[in-house]
Amino acid sequence: MARSWSEHVRWMAASTVLVSGMAASGTVQAQLAEGRFIVFDIPAGSLQSSLTAFGGKTGLQIIYSPDAVAGRQSARLSGRLTARDALRRLIDGTGLRARAVSAKVIVLEQAEGALPAALGQSSTLGAVAATDGAPPLSPDEEGSTDIVVTGSSIRGQLPVGSNVRTIRRSEIDRNGFGSVAQVLQSLPGNFGGTATEQSALAGADPTGTNATLSTGVNLRGLGAAATLVLLNGRRIAGAGTLGDFADVSSIPMSVVERVEVLMDGASAIYGSDAVGGVVNVIMKDRFTGLESGGRLGVATRGGLREVQLYQTAGTAWAGGSALLSYEFYDRAPLVAADRRFARSADSRPIGGTDHRYIYSLPGNVLGFSPTGGIEAAFAIPPGQNGTALRAGDFISGSANLEDFQIGAYLAPRQTRHSIYALAHQDIGSAVRVTLEGRFTRRDFDSRSPGYATILEVTAANPWFVSPTGNASDLIGYAFTRELGPIRGSGWSETMGLTGAIDVDVSPRWRLSGFGAYAQSRERGRTDNLPNEAIIAEALGTIADDPSTAYSPARDGFFNPYGDGTANVPAVLAAIGSGFLDARHTNRIFTAHLQADGPLFDLATDALRLAAGVDIRREVFESRLTSFFVTPNPSTGDLVSRSRTITAGFAEIRLPLFGQANAAPGLRRLEFSVAGRIEHYPDFGTTANPKVGANWSPFDGMILRGTYGTSFRAPNLGQLRAPGGVSATILNDAGGAAVRVLQLSGGNPDLEPERARSWTIGADLNPPTLPTVRVSSTLFRTIFDRRIDRPAAMNIQTALSDPDLAPFVRQVAPATNPADRAYVTTLLDDLAGGGTTVAVDSIRSVVDTRFVNTAETDVRGVDLTLGYSARHGTGTVSADTNLTYLFAWRQRTTPASSAIDQRDISGRPAAWRGRTTIGWSSGGFDLLAGINHVGRYRDAVTNARIRSWTTVDARIAWKAGDNAAFAGTTIALIAQNLLDRDPPFYDSPAGVGYDAANADATGRFIALQINKSW
């Protein structure tokens, strides 16, 4: 409850304790105000005794109510810290708020909504609360801290005009998130259509670059490559076959302190890739003692389960500290057969259509429709082994259908080991050295639909029989039942090493530098893949190849006319021995140097500057070993590319009005201007500015805005990835299935992507309603020359969409000699010098290589509402985060029209939101979360896809400090508590849901135990 001024005076006179009553000297004031380091070594004990020691060390006056600190304890405080950083650590988790009333005096007071110590409340709660135990000292004093916040290069400053969403550890734990990936996937502005496990396995991610089933971040749906991911402010090496996104699943959850998300273009601060926004994962920078933890979770349907264990140890000494953490994670797969909507490609029982293949077992003799489409002319009869089949036995006008979902996974098996280490050491009173290292090994295993193909069978096959009397036939055939699903497996290793130094070159200026090395190594292997060359050999279509271990005359020919009982194991083993083995390495070497501090003092604060230089070297390596279309394994040449990027940057913060000179309508007014110039050896020089403004017309309201330009240079994989040719089946404009060749690979002629971004926002926390917080941001990003693969992203409609016509070439090799020569050349590339694909069966060539598309225009609003207050003996909190897209318009080519892609399958839904409601009292904490995705429609049929709402819940108990289980927290977590299936989507992939906007896991229950020693 707010007090009058006279009540404040009486309260302070009656109940405050004055610590270190001597006046602070000018040196001490400078240490506080300008962030000078002080060496602390305060032992663990009562908070009151620690504050007394703190006041004696700094000479500051700390005023507080005895009730506010009664019963509270503080951990040992050791190291070289600023006074503000030290005070933050002392009151971290206490629910107290520090407010500087002058250069000499700091008042500690209960944060709004927090309970007194006597009631056991340890911290304030709420998704958008400014506090996590230790909030900023005051809005006008934040510039005195040493924290570097995402979105600004100036030490201790929040970015002007931008909204940084900070997800602190208390919020992470309270929501029951078990990984960094879960934290980021809960954000309404993060789109799951690319760079996630389920989107890759369910066919929702058409990029095809997530071969090792990593998890990226895709803010605003602008692409995982357009979101820059940092760890402690440093770049992570790219993942995937092109190294174009960061794998957040490699970051160990046990030592994450907070996650900062800037959903605004930030190339002026960070350079390339920060188009859609920036995610900065901040790790714990010090820890004393031991902490152990475990999490066991299971899905209530099917065999999916997970185990997560960790151990963290840390110590501190005068002038330094160190911590070491190990984390283990293991998860069983989610099998498609365990989900009603995904167990069969025939979706008719659940309101869809039949997506089963005509490439089946038993197979079908294929023919061509009048328009050139492939169709089943005769079905091979079931119930026979193909050794006594006669021409009259084939079933004319009928088709066998193959359920390709048999044995498939919706989420892979994952096993991960992570190690993280950090050490600080002060050298003298003005120098700090930091060393950081991390390593993660992740292994995965998955199952994809079995291999289906078109067999060319001639009279050379001992069992050849034609229902048409032709000398050869094409048979649509599937190996799923004979060989099982295709297996994907492999590993990913990520590491990072950083050495940093901070030097106080004067009482007000600091010089900071670091050198960092980041690496990502991946291996993705596809096994149980039928080899097309051996298939042709086994059929007798080509002569016996003496270079192979298989001989049809000795081991037997392949019989394509049976029902799965005709072929002996030796034949099937030879055919199923094919594989693809891809290895990719991405490395980043970074050197960074910057200086920051005040240029001169203004009436309200100092005009501050940060400026520096960056040098970054990028290396991309790729090699593919293929045993798919050649008679023997073939290893391609190593693709190795590198480049060195140099950059200079500067940022100025100009505060015009503040606490010292506030005027009516101008309680606060400040501007920032940032700029960055980068030079690429392959693209030349690019410059990007960003401006921001904050205006507070009255207490409790801040209006803000930004404008900036961003860019993303093509990465080395997009430029130099080796070209390739593959064969597939697509439906043409008339709905007929046709065989096409697909071109893939890099494009050395790509140009950098460019973007313009605007935001306008307001933050409201009125003094009359201190428990309510409201934040709203209007945003718009116009993304020009976006690097994309339009035909690949819309492969199902590539032959029917007029906008994709520039990427499709119709061919008629049977009648046009030029087309025949062109297709033959491509097939030679496919097979490495020889092909088993019938030339005359090709009807189109689809170019799915990277190109610069015309434009993507994204507009919308983010809305955050928060409430936290004491009610009775507990604290109640409620928070809502919503994102609504006004438009997500995309123009593929300069000649095509702009089409709004929101609210269609595989694209971002317009409405996404999460609301949480919590209650805590004493050691108990309860929270319920409601997740919502608005309704949308099928991109092809325009059928409605219903909205999806799920409920999460967590109940936790934390033992008191004096209990036998002191330091122990036990939590029971339920995700999708009501076990709501995702809304049905008649996916062409036959999985029955849209993995871009939903999750197939179902109800998941986890028990989590943490213990501090």
# chains A, B, ... in the order shown; residues from 1 in each chain; ligands from 1

call {"tool": "residues_around", "arguments": {"residues": "Phe850 in chain A", "least_positions_apart": "3", "cutoff": "10 Å", "atoms": "only C-alpha atoms", "output": "ChimeraX atom specification"}}
result
/A:714,718-719,744-750,786-792,847,853

call {"tool": "residues_around", "arguments": {"residues": "Ala1000 in chain A", "least_positions_apart": "4", "cutoff": "9 Å", "atoms": "only C-alpha atoms", "output": "NGL selection string"}}
result
:A and (198 or 334 or 339 or 342 or 410-411 or 981-982 or 993 or 995)

call {"tool": "closest_residue", "arguments": {"among": "A:Phe54, A:Ser292, A:Leu927, A:Pro806", "to": "Val851 in chain A", "atoms": "only C-alpha atoms"}}
result
A:Pro806

call {"tool": "closest_residue", "arguments": {"among": "A:Thr777, A:Ser920, A:Ser841, A:Thr825", "to": "Gly372 in chain A", "atoms": "only C-alpha atoms"}}
result
A:Ser841

call {"tool": "residues_around", "arguments": {"residues": "Ser50 in chain A", "least_positions_apart": "6", "cutoff": "10 Å", "atoms": "only C-alpha atoms", "output": "list in words"}}
result
Ile42, Pro43, Ala44, Gly56, Gln73, Ser74, Ala75, Arg76, Leu77, Leu87, Leu90 and Ile91 of chain A

call {"tool": "decode", "arguments": {"residues": "range 866-991 of chain A", "atoms": "C-alpha atoms", "output": "PDB file, in the first residue's frame"}}
result
ATOM      1  CA  GLY A 866       1.422  -8.776 -16.105  1.00  0.00           C
ATOM      2  CA  TYR A 867       0.017  -8.750 -12.609  1.00  0.00           C
ATOM      3  CA  SER A 868       1.669  -9.732  -9.336  1.00  0.00           C
ATOM      4  CA  ALA A 869       0.444  -8.893  -5.828  1.00  0.00           C
ATOM      5  CA  ARG A 870       0.056 -10.290  -2.353  1.00  0.00           C
ATOM      6  CA  HIS A 871      -3.322 -11.745  -1.460  1.00  0.00           C
ATOM      7  CA  GLY A 872      -3.717 -13.118   2.026  1.00  0.00           C
ATOM      8  CA  THR A 873      -0.719 -15.266   2.888  1.00  0.00           C
ATOM      9  CA  GLY A 874       0.361 -15.807  -0.712  1.00  0.00           C
ATOM     10  CA  THR A 875       1.316 -14.059  -3.893  1.00  0.00           C
ATOM     11  CA  VAL A 876      -0.836 -14.251  -7.007  1.00  0.00           C
ATOM     12  CA  SER A 877       0.606 -13.593 -10.468  1.00  0.00           C
ATOM     13  CA  ALA A 878      -0.886 -13.577 -13.941  1.00  0.00           C
ATOM     14  CA  ASP A 879       0.899 -12.941 -17.214  1.00  0.00           C
ATOM     15  CA  THR A 880      -0.135 -12.957 -20.851  1.00  0.00           C
ATOM     16  CA  ASN A 881       2.059 -12.790 -23.931  1.00  0.00           C
ATOM     17  CA  LEU A 882       0.364 -12.483 -27.324  1.00  0.00           C
ATOM     18  CA  THR A 883       1.509 -11.963 -30.883  1.00  0.00           C
ATOM     19  CA  TYR A 884      -0.869 -11.062 -33.682  1.00  0.00           C
ATOM     20  CA  LEU A 885       0.277 -10.751 -37.284  1.00  0.00           C
ATOM     21  CA  PHE A 886      -1.486  -8.130 -39.354  1.00  0.00           C
ATOM     22  CA  ALA A 887       0.205  -9.491 -42.476  1.00  0.00           C
ATOM     23  CA  TRP A 888       2.932 -11.899 -43.585  1.00  0.00           C
ATOM     24  CA  ARG A 889       3.098 -11.040 -47.264  1.00  0.00           C
ATOM     25  CA  GLN A 890       5.566 -12.667 -49.615  1.00  0.00           C
ATOM     26  CA  ARG A 891       6.436 -11.881 -53.210  1.00  0.00           C
ATOM     27  CA  THR A 892       8.466 -14.654 -54.837  1.00  0.00           C
ATOM     28  CA  THR A 893       9.708 -12.788 -57.904  1.00  0.00           C
ATOM     29  CA  PRO A 894       9.600  -9.136 -58.941  1.00  0.00           C
ATOM     30  CA  ALA A 895       6.861 -10.057 -61.426  1.00  0.00           C
ATOM     31  CA  SER A 896       4.689 -12.032 -59.009  1.00  0.00           C
ATOM     32  CA  SER A 897       2.000 -10.623 -56.760  1.00  0.00           C
ATOM     33  CA  ALA A 898       2.394 -10.300 -53.007  1.00  0.00           C
ATOM     34  CA  ILE A 899       0.423 -13.012 -51.201  1.00  0.00           C
ATOM     35  CA  ASP A 900      -0.465 -13.004 -47.517  1.00  0.00           C
ATOM     36  CA  GLN A 901       0.945 -16.278 -46.207  1.00  0.00           C
ATOM     37  CA  ARG A 902      -0.256 -16.048 -42.599  1.00  0.00           C
ATOM     38  CA  ASP A 903      -2.902 -18.423 -41.340  1.00  0.00           C
ATOM     39  CA  ILE A 904      -2.142 -21.153 -43.845  1.00  0.00           C
ATOM     40  CA  SER A 905      -0.573 -24.542 -43.146  1.00  0.00           C
ATOM     41  CA  GLY A 906       3.194 -24.543 -42.905  1.00  0.00           C
ATOM     42  CA  ARG A 907       3.267 -20.777 -42.313  1.00  0.00           C
ATOM     43  CA  PRO A 908       2.907 -18.647 -39.165  1.00  0.00           C
ATOM     44  CA  ALA A 909      -0.531 -18.507 -37.573  1.00  0.00           C
ATOM     45  CA  ALA A 910      -1.782 -14.960 -37.024  1.00  0.00           C
ATOM     46  CA  TRP A 911      -2.711 -15.536 -33.371  1.00  0.00           C
ATOM     47  CA  ARG A 912      -0.342 -17.114 -30.877  1.00  0.00           C
ATOM     48  CA  GLY A 913      -0.280 -16.607 -27.135  1.00  0.00           C
ATOM     49  CA  ARG A 914       0.578 -17.963 -23.705  1.00  0.00           C
ATOM     50  CA  THR A 915      -1.071 -17.021 -20.399  1.00  0.00           C
ATOM     51  CA  THR A 916       0.138 -18.127 -16.985  1.00  0.00           C
ATOM     52  CA  ILE A 917      -1.597 -17.896 -13.605  1.00  0.00           C
ATOM     53  CA  GLY A 918       0.382 -18.619 -10.464  1.00  0.00           C
ATOM     54  CA  TRP A 919       0.115 -18.714  -6.685  1.00  0.00           C
ATOM     55  CA  SER A 920       2.880 -19.108  -4.132  1.00  0.00           C
ATOM     56  CA  SER A 921       3.021 -19.195  -0.376  1.00  0.00           C
ATOM     57  CA  GLY A 922       5.782 -20.358   1.880  1.00  0.00           C
ATOM     58  CA  GLY A 923       7.628 -23.138   0.114  1.00  0.00           C
ATOM     59  CA  PHE A 924       4.756 -23.993  -2.243  1.00  0.00           C
ATOM     60  CA  ASP A 925       4.427 -22.688  -5.777  1.00  0.00           C
ATOM     61  CA  LEU A 926       1.720 -23.479  -8.318  1.00  0.00           C
ATOM     62  CA  LEU A 927       1.459 -22.312 -11.907  1.00  0.00           C
ATOM     63  CA  ALA A 928      -0.877 -23.080 -14.797  1.00  0.00           C
ATOM     64  CA  GLY A 929      -0.103 -22.074 -18.371  1.00  0.00           C
ATOM     65  CA  ILE A 930      -2.524 -21.821 -21.278  1.00  0.00           C
ATOM     66  CA  ASN A 931      -1.132 -21.952 -24.830  1.00  0.00           C
ATOM     67  CA  HIS A 932      -3.195 -20.941 -27.822  1.00  0.00           C
ATOM     68  CA  VAL A 933      -2.740 -21.048 -31.587  1.00  0.00           C
ATOM     69  CA  GLY A 934      -5.531 -19.471 -33.630  1.00  0.00           C
ATOM     70  CA  ARG A 935      -7.382 -21.261 -36.388  1.00  0.00           C
ATOM     71  CA  TYR A 936      -6.007 -21.217 -39.920  1.00  0.00           C
ATOM     72  CA  ARG A 937      -6.514 -23.088 -43.201  1.00  0.00           C
ATOM     73  CA  ASP A 938      -5.026 -25.674 -45.528  1.00  0.00           C
ATOM     74  CA  ALA A 939      -2.791 -23.994 -48.114  1.00  0.00           C
ATOM     75  CA  VAL A 940      -3.957 -26.375 -50.884  1.00  0.00           C
ATOM     76  CA  THR A 941      -7.594 -27.218 -50.175  1.00  0.00           C
ATOM     77  CA  ASN A 942      -8.494 -24.120 -48.144  1.00  0.00           C
ATOM     78  CA  ALA A 943     -10.073 -26.398 -45.551  1.00  0.00           C
ATOM     79  CA  ARG A 944     -10.324 -24.971 -42.054  1.00  0.00           C
ATOM     80  CA  ILE A 945      -7.796 -26.066 -39.412  1.00  0.00           C
ATOM     81  CA  ARG A 946      -9.203 -25.482 -35.971  1.00  0.00           C
ATOM     82  CA  SER A 947      -7.505 -23.532 -33.214  1.00  0.00           C
ATOM     83  CA  TRP A 948      -5.462 -25.389 -30.609  1.00  0.00           C
ATOM     84  CA  THR A 949      -5.405 -24.690 -26.875  1.00  0.00           C
ATOM     85  CA  THR A 950      -3.342 -26.669 -24.387  1.00  0.00           C
ATOM     86  CA  VAL A 951      -2.816 -26.387 -20.642  1.00  0.00           C
ATOM     87  CA  ASP A 952       0.449 -26.815 -18.736  1.00  0.00           C
ATOM     88  CA  ALA A 953       0.826 -27.038 -14.971  1.00  0.00           C
ATOM     89  CA  ARG A 954       3.550 -27.157 -12.337  1.00  0.00           C
ATOM     90  CA  ILE A 955       3.418 -27.648  -8.597  1.00  0.00           C
ATOM     91  CA  ALA A 956       6.616 -27.270  -6.612  1.00  0.00           C
ATOM     92  CA  TRP A 957       7.785 -27.370  -3.026  1.00  0.00           C
ATOM     93  CA  LYS A 958      11.005 -25.787  -1.784  1.00  0.00           C
ATOM     94  CA  ALA A 959      12.324 -26.750   1.618  1.00  0.00           C
ATOM     95  CA  GLY A 960      12.997 -23.949   4.086  1.00  0.00           C
ATOM     96  CA  ASP A 961      16.512 -22.977   5.085  1.00  0.00           C
ATOM     97  CA  ASN A 962      16.252 -24.723   8.436  1.00  0.00           C
ATOM     98  CA  ALA A 963      14.540 -27.862   7.232  1.00  0.00           C
ATOM     99  CA  ALA A 964      16.159 -31.277   6.974  1.00  0.00           C
ATOM    100  CA  PHE A 965      15.927 -30.971   3.195  1.00  0.00           C
ATOM    101  CA  ALA A 966      17.345 -27.436   3.024  1.00  0.00           C
ATOM    102  CA  GLY A 967      18.198 -26.459  -0.536  1.00  0.00           C
ATOM    103  CA  THR A 968      15.841 -29.049  -2.053  1.00  0.00           C
ATOM    104  CA  THR A 969      13.148 -28.278  -4.607  1.00  0.00           C
ATOM    105  CA  ILE A 970      10.708 -30.919  -5.835  1.00  0.00           C
ATOM    106  CA  ALA A 971       8.422 -30.159  -8.778  1.00  0.00           C
ATOM    107  CA  LEU A 972       5.769 -32.099 -10.671  1.00  0.00           C
ATOM    108  CA  ILE A 973       5.295 -30.788 -14.208  1.00  0.00           C
ATOM    109  CA  ALA A 974       2.577 -31.515 -16.770  1.00  0.00           C
ATOM    110  CA  GLN A 975       2.739 -30.288 -20.342  1.00  0.00           C
ATOM    111  CA  ASN A 976      -0.484 -30.541 -22.353  1.00  0.00           C
ATOM    112  CA  LEU A 977      -2.221 -31.647 -19.176  1.00  0.00           C
ATOM    113  CA  LEU A 978      -5.547 -32.356 -20.922  1.00  0.00           C
ATOM    114  CA  ASP A 979      -3.815 -34.424 -23.631  1.00  0.00           C
ATOM    115  CA  ARG A 980      -5.190 -32.402 -26.530  1.00  0.00           C
ATOM    116  CA  ASP A 981      -4.235 -33.755 -29.950  1.00  0.00           C
ATOM    117  CA  PRO A 982      -3.091 -31.140 -32.424  1.00  0.00           C
ATOM    118  CA  PRO A 983      -5.814 -29.989 -34.840  1.00  0.00           C
ATOM    119  CA  PHE A 984      -6.188 -32.270 -37.822  1.00  0.00           C
ATOM    120  CA  TYR A 985      -4.425 -31.161 -40.986  1.00  0.00           C
ATOM    121  CA  ASP A 986      -4.718 -33.264 -44.112  1.00  0.00           C
ATOM    122  CA  SER A 987      -0.988 -33.121 -44.701  1.00  0.00           C
ATOM    123  CA  PRO A 988       0.384 -34.463 -47.993  1.00  0.00           C
ATOM    124  CA  ALA A 989       3.070 -36.085 -45.833  1.00  0.00           C
ATOM    125  CA  GLY A 990       0.349 -38.263 -44.302  1.00  0.00           C
ATOM    126  CA  VAL A 991       1.071 -37.339 -40.672  1.00  0.00           C
TER     127      VAL A 991
END
